[in-house]
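Listing of protein_31.cif; format and content: mmCIF, C-alpha atoms and all ligand atoms.
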```cif
data_coords
#
loop_
_atom_site.label_atom_id
_atom_site.label_comp_id
_atom_site.auth_asym_id
_atom_site.auth_seq_id
_atom_site.Cartn_x
_atom_site.Cartn_y
_atom_site.Cartn_z
CA MET G 1 29.60 -12.04 16.22
CA TYR G 2 26.83 -14.61 16.20
CA GLN G 3 25.06 -12.80 19.02
CA ARG G 4 25.34 -9.52 17.24
CA ALA G 5 24.09 -10.91 13.93
CA ARG G 6 21.17 -12.51 15.70
CA ALA G 7 20.17 -9.20 17.27
CA SER G 8 20.46 -7.40 13.92
CA SER G 9 18.42 -9.93 12.00
CA ALA G 10 15.72 -9.89 14.66
CA ARG G 11 15.54 -6.15 14.15
CA ILE G 12 15.48 -6.39 10.34
CA PHE G 13 12.78 -9.06 10.28
CA GLY G 14 10.79 -7.04 12.79
CA LEU G 15 10.94 -4.12 10.42
CA MET G 16 9.92 -6.23 7.44
CA ASP G 17 6.89 -7.51 9.32
CA GLU G 18 5.80 -4.00 10.15
CA PRO G 19 2.90 -3.14 7.84
CA SER G 20 3.34 0.15 6.02
CA LYS G 21 0.95 2.42 7.82
CA LEU G 22 1.30 5.34 5.49
CA GLU G 23 -1.31 5.17 2.87
CA GLN G 24 -2.24 7.95 0.59
CA ASP G 25 -5.90 8.81 0.77
CA ARG G 26 -7.46 8.00 -2.59
CA ASN G 27 -9.08 11.41 -2.64
CA ALA G 28 -5.87 13.15 -1.59
CA ALA G 29 -5.57 16.67 -2.93
CA GLU G 30 -2.49 18.78 -3.55
CA LEU G 31 -1.43 20.68 -0.45
CA GLU G 32 -1.98 24.40 -0.94
CA VAL G 33 0.03 26.57 1.39
CA THR G 34 -1.23 30.13 1.75
CA GLU G 35 -0.27 31.49 5.17
CA GLY G 36 1.92 28.60 6.27
CA GLU G 37 0.02 28.10 9.54
CA VAL G 38 0.75 24.77 11.22
CA GLU G 39 -1.58 23.32 13.81
CA TYR G 40 -1.04 20.33 16.11
CA ASP G 41 -4.48 19.49 17.39
CA ASP G 42 -4.19 17.34 20.53
CA VAL G 43 -1.71 14.96 18.98
CA THR G 44 -0.86 11.62 20.58
CA PHE G 45 1.54 9.17 18.96
CA GLY G 46 3.67 6.14 19.80
CA TYR G 47 5.94 3.92 17.70
CA GLY G 48 4.48 0.88 19.44
CA ASP G 49 1.74 0.58 22.04
CA GLU G 50 3.31 3.10 24.42
CA PRO G 51 2.55 6.73 23.61
CA ILE G 52 5.76 8.71 23.02
CA ILE G 53 4.10 12.11 22.74
CA GLU G 54 0.78 12.91 24.37
CA ASP G 55 -1.79 15.69 23.92
CA VAL G 56 0.62 17.92 22.05
CA ASP G 57 -1.39 20.96 21.12
CA PHE G 58 -0.12 24.20 19.59
CA THR G 59 -0.47 26.46 16.56
CA VAL G 60 2.34 28.21 14.72
CA PRO G 61 1.06 31.26 12.82
CA GLY G 62 2.43 31.54 9.27
CA GLY G 63 5.94 33.00 9.11
CA GLU G 64 6.78 32.47 12.78
CA THR G 65 9.51 30.34 14.32
CA LEU G 66 8.73 27.66 16.86
CA ALA G 67 11.57 26.06 18.79
CA LEU G 68 11.36 22.67 20.48
CA VAL G 69 13.65 22.09 23.43
CA GLY G 70 13.91 19.48 26.13
CA PRO G 71 16.12 16.62 27.26
CA THR G 72 17.19 13.84 24.90
CA GLY G 73 14.36 11.40 24.33
CA ALA G 74 11.65 13.94 25.20
CA GLY G 75 10.07 13.51 21.76
CA LYS G 76 11.23 16.57 19.82
CA SER G 77 12.22 14.74 16.63
CA THR G 78 9.08 12.65 16.88
CA VAL G 79 6.94 15.79 16.80
CA LEU G 80 8.66 16.87 13.57
CA LYS G 81 8.43 13.43 11.97
CA LEU G 82 4.65 13.76 12.19
CA LEU G 83 4.75 17.02 10.25
CA LEU G 84 6.84 15.42 7.51
CA ARG G 85 4.37 12.54 7.72
CA MET G 86 7.01 9.92 8.26
CA TYR G 87 4.43 8.48 10.67
CA ASP G 88 0.74 9.08 11.22
CA VAL G 89 -0.73 10.34 14.48
CA ASP G 90 -2.64 7.88 16.67
CA ASP G 91 -4.96 10.59 17.90
CA GLY G 92 -5.59 14.19 16.96
CA ALA G 93 -4.41 15.82 13.74
CA VAL G 94 -1.61 17.83 12.18
CA ARG G 95 -2.85 20.50 9.78
CA ILE G 96 -1.16 22.93 7.44
CA ASP G 97 -3.39 25.88 6.58
CA GLY G 98 -6.35 23.79 7.70
CA GLN G 99 -5.48 20.76 5.56
CA ASP G 100 -4.88 17.51 7.44
CA VAL G 101 -1.49 16.12 6.34
CA ARG G 102 -3.17 12.71 5.90
CA GLU G 103 -5.49 14.13 3.25
CA VAL G 104 -2.92 15.67 0.93
CA THR G 105 -0.59 13.96 -1.54
CA LEU G 106 2.84 13.04 -0.17
CA PRO G 107 4.80 14.69 -3.02
CA SER G 108 3.00 18.00 -2.50
CA LEU G 109 3.65 17.78 1.25
CA ARG G 110 7.35 16.99 0.79
CA ARG G 111 7.71 19.83 -1.72
CA SER G 112 6.33 22.34 0.76
CA VAL G 113 8.43 21.29 3.73
CA GLY G 114 12.22 21.71 3.62
CA TYR G 115 14.44 19.82 6.04
CA VAL G 116 17.95 20.57 7.24
CA GLY G 117 18.97 17.68 9.46
CA GLN G 118 21.67 16.64 11.89
CA SER G 119 23.85 14.64 9.56
CA SER G 120 24.36 16.70 6.46
CA TYR G 121 24.21 14.16 3.70
CA LEU G 122 25.97 14.76 0.39
CA PHE G 123 25.88 12.23 -2.42
CA TYR G 124 28.75 11.56 -4.81
CA GLY G 125 28.37 14.25 -7.45
CA THR G 126 29.29 17.86 -8.07
CA VAL G 127 28.63 20.64 -5.60
CA ARG G 128 26.13 22.02 -8.09
CA GLU G 129 24.23 18.72 -8.32
CA ASN G 130 24.13 18.53 -4.55
CA ILE G 131 22.63 22.00 -4.32
CA THR G 132 20.10 21.56 -7.13
CA TYR G 133 18.86 18.23 -5.79
CA GLY G 134 15.09 18.72 -5.69
CA SER G 135 15.20 21.90 -7.80
CA PHE G 136 16.65 20.39 -10.97
CA GLU G 137 15.66 23.22 -13.31
CA ALA G 138 17.62 25.90 -11.41
CA ASP G 139 20.09 27.97 -13.50
CA HIS G 140 23.64 28.89 -12.48
CA GLU G 141 22.71 32.34 -11.12
CA SER G 142 20.13 30.96 -8.70
CA VAL G 143 22.58 28.28 -7.53
CA VAL G 144 25.21 30.92 -6.78
CA GLU G 145 22.63 33.10 -5.07
CA ALA G 146 21.53 30.21 -2.86
CA ALA G 147 25.16 29.39 -2.02
CA LYS G 148 25.81 33.01 -1.10
CA ALA G 149 22.77 33.09 1.16
CA ALA G 150 24.08 29.94 2.85
CA GLU G 151 27.57 31.48 3.31
CA ALA G 152 28.95 28.73 1.08
CA HIS G 153 29.89 30.57 -2.10
CA GLU G 154 33.37 31.57 -0.95
CA PHE G 155 34.63 28.16 0.03
CA ILE G 156 33.03 26.59 -3.05
CA GLN G 157 34.95 29.01 -5.27
CA ASN G 158 38.16 27.90 -3.59
CA LEU G 159 37.56 24.21 -4.37
CA PRO G 160 39.65 22.77 -7.24
CA ASP G 161 36.79 22.87 -9.76
CA GLY G 162 34.47 25.34 -8.03
CA TYR G 163 30.84 24.33 -8.43
CA ASP G 164 31.90 21.35 -10.57
CA THR G 165 34.06 19.79 -7.84
CA MET G 166 33.05 16.24 -7.02
CA VAL G 167 32.09 15.83 -3.36
CA GLY G 168 30.52 13.17 -1.19
CA GLU G 169 32.00 9.75 -0.70
CA ARG G 170 35.09 9.37 -2.94
CA GLY G 171 34.97 13.13 -3.72
CA VAL G 172 36.81 16.06 -2.15
CA LYS G 173 36.56 15.83 1.60
CA LEU G 174 34.58 18.69 3.11
CA SER G 175 34.33 19.66 6.77
CA GLY G 176 31.09 19.17 8.68
CA GLY G 177 30.39 22.90 8.52
CA GLN G 178 30.94 23.00 4.76
CA ARG G 179 28.66 20.03 4.18
CA GLN G 180 26.05 21.67 6.31
CA ARG G 181 26.22 24.90 4.35
CA ILE G 182 25.73 23.00 1.11
CA THR G 183 22.58 21.40 2.49
CA ILE G 184 21.41 24.81 3.66
CA ALA G 185 21.99 26.14 0.12
CA ARG G 186 19.86 23.23 -1.12
CA ALA G 187 17.07 24.33 1.22
CA VAL G 188 17.42 27.99 0.16
CA LEU G 189 17.10 27.01 -3.49
CA LYS G 190 14.09 24.82 -2.81
CA ASP G 191 12.45 27.80 -1.12
CA PRO G 192 9.96 25.70 0.87
CA ASP G 193 6.92 27.22 2.61
CA ILE G 194 7.82 25.49 5.85
CA LEU G 195 11.29 24.78 7.12
CA VAL G 196 12.41 22.17 9.62
CA LEU G 197 15.82 22.59 11.25
CA ASP G 198 16.87 19.61 13.30
CA GLU G 199 19.96 20.56 15.33
CA ALA G 200 21.21 22.42 12.31
CA THR G 201 24.42 23.71 13.82
CA SER G 202 25.94 20.75 15.61
CA ASP G 203 29.54 19.65 15.06
CA VAL G 204 30.99 22.92 13.87
CA ASP G 205 33.39 25.42 15.36
CA THR G 206 32.18 28.70 16.80
CA GLU G 207 33.04 30.85 13.79
CA THR G 208 31.34 28.50 11.36
CA GLU G 209 28.38 28.35 13.68
CA MET G 210 28.10 32.11 13.51
CA LEU G 211 28.18 32.02 9.70
CA ILE G 212 25.59 29.27 9.57
CA GLN G 213 23.44 31.09 12.08
CA ARG G 214 23.54 34.19 9.92
CA SER G 215 22.47 32.27 6.83
CA LEU G 216 19.73 30.49 8.77
CA ASP G 217 18.38 33.77 10.11
CA ARG G 218 17.92 34.89 6.54
CA LEU G 219 16.38 31.59 5.52
CA THR G 220 13.87 31.50 8.37
CA GLU G 221 12.76 35.10 8.08
CA ASP G 222 9.09 35.30 7.01
CA ARG G 223 8.91 31.52 6.73
CA THR G 224 7.21 29.14 9.13
CA THR G 225 10.12 27.42 10.85
CA PHE G 226 10.47 24.57 13.33
CA ALA G 227 13.82 24.40 15.07
CA ILE G 228 15.29 21.82 17.42
CA ALA G 229 18.48 22.87 19.12
CA HIS G 230 20.48 21.64 22.05
CA ARG G 231 22.36 24.88 22.27
CA LEU G 232 19.66 27.22 23.48
CA SER G 233 21.49 30.34 22.30
CA THR G 234 20.54 29.40 18.72
CA ILE G 235 16.79 29.46 19.40
CA LYS G 236 16.65 32.26 21.94
CA ASP G 237 14.90 34.59 19.50
CA ALA G 238 12.20 32.12 18.43
CA ASP G 239 8.64 33.53 18.56
CA THR G 240 7.59 30.62 20.73
CA ILE G 241 9.59 28.00 22.60
CA LEU G 242 7.92 24.72 23.54
CA VAL G 243 9.59 22.72 26.27
CA LEU G 244 8.96 18.98 26.05
CA GLU G 245 9.52 16.51 28.83
CA ASP G 246 8.54 12.84 28.54
CA GLY G 247 6.42 13.56 25.48
CA ARG G 248 4.37 16.36 26.97
CA ILE G 249 4.56 20.11 26.64
CA VAL G 250 5.56 21.33 30.07
CA GLU G 251 6.30 24.98 29.30
CA ARG G 252 5.68 27.39 26.45
CA GLY G 253 6.46 31.03 25.77
CA THR G 254 9.24 33.34 24.68
CA HIS G 255 12.75 33.07 26.07
CA ASP G 256 12.08 35.91 28.52
CA ASP G 257 8.77 34.39 29.68
CA LEU G 258 10.44 31.05 30.35
CA ILE G 259 13.38 32.54 32.19
CA ASP G 260 10.89 34.37 34.42
CA ASP G 261 8.99 31.13 35.05
CA ASP G 262 12.17 29.59 36.45
CA GLY G 263 11.23 26.06 35.36
CA LEU G 264 12.95 23.41 33.24
CA TYR G 265 13.91 25.85 30.46
CA ALA G 266 15.43 28.34 32.89
CA HIS G 267 17.45 25.52 34.43
CA LEU G 268 18.66 24.21 31.07
CA TRP G 269 19.62 27.78 30.21
CA GLY G 270 21.47 28.06 33.50
CA VAL G 271 23.43 24.89 32.77
CA GLN G 272 24.51 26.23 29.38
CA ALA G 273 25.48 29.54 30.88
CA GLY G 274 27.66 27.64 33.35
CA GLU G 275 25.61 28.48 36.46
CA ILE G 276 25.80 24.93 37.70
CA ASP G 277 26.19 25.72 41.39
CA GLN G 278 22.93 27.67 41.40
CA LEU G 279 20.81 24.74 40.24
CA PRO G 280 18.25 23.24 42.60
CA GLU G 281 19.19 19.78 43.87
CA GLU G 282 15.96 18.33 42.47
CA PHE G 283 16.91 19.37 38.93
CA ILE G 284 20.31 17.69 39.17
CA GLU G 285 18.72 14.50 40.50
CA ARG G 286 16.26 14.38 37.61
CA ALA G 287 19.03 14.98 35.08
CA ALA G 288 21.18 12.23 36.61
CA LYS G 289 18.25 9.81 36.47
CA ARG G 290 17.55 10.66 32.86
CA THR G 291 21.18 10.29 31.80
CA ALA G 292 21.27 6.89 33.47
CA GLU G 293 18.19 5.86 31.47
CA VAL G 294 19.70 7.05 28.19
CA ASP G 295 22.98 5.24 28.95
CA ALA G 296 21.08 2.04 29.62
CA GLU G 297 19.24 2.37 26.29
CA THR G 298 22.50 2.94 24.46
CA ASP G 299 24.05 -0.13 26.05
CA ASP G 300 21.23 -2.25 24.67
CA ASP G 301 22.16 -1.29 21.11
P1 LIG A 401 14.31 13.80 21.11
O1 LIG A 401 14.28 14.29 19.70
O2 LIG A 401 13.64 14.75 22.07
O3 LIG A 401 15.64 13.39 21.60
P2 LIG A 401 12.91 11.50 20.03
O4 LIG A 401 11.66 12.03 19.42
O5 LIG A 401 14.04 11.19 19.11
O6 LIG A 401 13.38 12.49 21.19
O7 LIG A 401 12.58 10.19 20.85
C1 LIG A 401 11.54 10.09 21.78
C2 LIG A 401 11.42 8.66 22.24
O8 LIG A 401 10.99 7.85 21.15
C3 LIG A 401 12.71 8.03 22.74
O9 LIG A 401 12.42 7.25 23.87
C4 LIG A 401 13.18 7.19 21.59
O10 LIG A 401 13.91 6.07 22.05
C5 LIG A 401 11.88 6.76 20.94
N1 LIG A 401 12.00 6.56 19.48
C6 LIG A 401 12.49 7.45 18.58
N2 LIG A 401 12.44 6.95 17.34
C7 LIG A 401 11.92 5.72 17.43
C8 LIG A 401 11.60 4.68 16.49
N3 LIG A 401 11.82 4.86 15.19
N4 LIG A 401 11.08 3.53 16.98
C9 LIG A 401 10.86 3.37 18.29
N5 LIG A 401 11.11 4.28 19.25
C10 LIG A 401 11.65 5.46 18.83
#
```
Turn the structure described in the file into structure tokens.
Amino acid sequence: MYQRARASSARIFGLMDEPSKLEQDRNAAELEVTEGEVEYDDVTFGYGDEPIIEDVDFTVPGGETLALVGPTGAGKSTVLKLLLRMYDVDDGAVRIDGQDVREVTLPSLRRSVGYVGQSSYLFYGTVRENITYGSFEADHESVVEAAKAAEAHEFIQNLPDGYDTMVGERGVKLSGGQRQRITIARAVLKDPDILVLDEATSDVDTETEMLIQRSLDRLTEDRTTFAIAHRLSTIKDADTILVLEDGRIVERGTHDDLIDDDGLYAHLWGVQAGEIDQLPEEFIERAAKRTAEVDAETDDD
């Protein structure tokens, strides 16, 4: 226990010593989203001295969907954290409709970008409060409409007190898929210009996944969307797929383009389709090496 406490406190004090790098520019203006175009202009970034992503360069036209795929640790979440400005780039720039995210106010940036993440977090409160979080002035009709769009209305109606049922810790226990649909309803209601979906359909059964997928399709239509997914079937229809490996873009294109290229994406697709015996030996060796690295990292924790 002593060893463990020592490791934890070293980590906490390390964090406390870390200067807050995010500073709002004194001349920061409100972000104004018109088209919803997002541009990564030769972005390089690392949490420490080592770069984690390097020379990442792409543009998502307003309204399109960009999917990020690649092995664990490739840097997909890191790319998205820079858009939400949880960290600042070391080199290059991230721009929304031509405005550098470092030159706009943080509240206006956070208002424009909606996030549906891996662990669907609900706080202790009613279903309604959980949905209206961030859109506090919403009336009952818009809450119901958002819940319907998220395929959540039906199960909410079946809860003991409907929209007034207490959920979250100490509240009625909801399944992972139900929690996720409530957070999707929250995003629908917020109606952000740009949407970030980080592994939005993990931990649910196939039927729920289909329902969630249907609601997400509606949510992402005509809205600039970034999606990270391990299950490639969920991002197959993205306008552009970027494949990241070790922090660099190694492939880009539509699903069909990438299958034709027969590179990393095509191999990952093959694995998920169960075509394991058709994989080149080199691919399996690289995967084994990577898994060993990830396991070693996990052991350190
Ligand atoms: P992915 O989303 O593709 O799995 P991540 O962007 O989460 O990859 O991680 C990329 C690399 O950055 C990994 O090696 C990971 O250990 C490291 N990393 C992620 N978050 C942090 C952090 N907050 N501090 C230091 N290193 C991090």
If the limit is 9 Å from any atom of ligand LIG 401 (chain A), counting only C-alpha atoms and all ligand atoms, which residues qualify? Return them as a PyMOL selection string. chain G and resi 46-48+51-53+68-81+198+228+244-247+294+297
Could you jot down the CA of Val144 (chain G) to CA of Ile131 (chain G) separation for me, Å, one decimal place?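 That distance, rounded to one decimal, is 9.6 Å.
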If we count all atoms listed in the file, what is near region 167-179 of chain G at a cut-off of 8 Å, once residues fewer than 6 positions away on the same chain are taken out, given as a PyMOL selection string? chain G and resi 120-127+152+155+203-205+208-209
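With distances restricted to only C-alpha atoms, G:Arg186 is the closest residue to Val116 (chain G) from G:Lys148, G:Arg95, G:Arg186, G:His267.
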Between G:Met86, G:Val243, G:Met1, G:Val250, which residue has the minimum interatomic distance to Leu109 (chain G), considering all atoms listed in the file?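 Closest residue, counting all atoms listed in the file: G:Met86.
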Long-range neighbours of Asp217 (chain G) as a PyMOL selection string, 12 Å cut-off, all atoms listed in the file, 6 positions minimum in chain: chain G and resi 64-65+149-151+184+188+195+197+200+209-211+223+225+227+234-235+237-238
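Interatomic distance, CA of Gly162 (chain G) against CA of Thr206 (chain G): 25.2 Å.
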Extract, using only C-alpha atoms, all DNA, RNA and protein residues at most 12 Å from Leu268 (chain G), discarding same-chain residues fewer than 5 positions from it, and format them as number ranges by chain. G: 69-71, 230-233, 243, 255, 258-259, 262-263, 273-276, 278-280, 283-284, 287
Determine the nearest neighbour of Glu54 (chain G) from the options G:Arg128, G:Arg248, G:Arg102, G:Arg290, counting all atoms listed in the file.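 Among the listed residues, G:Arg248 lies closest to Glu54 (chain G).
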Tell me which of G:Asp57, G:Asp191, G:Asp164, G:Glu207 sits closest to Arg252 (chain G), counting only C-alpha atoms.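 Closest to Arg252 (chain G) of all the choices is G:Asp57.
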Kindly indicate which residue among G:Gly98, G:Gly36, G:Tyr163, G:Ile194 lies nearest to Leu84 (chain G), using all atoms listed in the file for the distances. G:Ile194
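For the pair CA of Leu66 (chain G) and CA of Phe226 (chain G), the separation is 5.0 Å.
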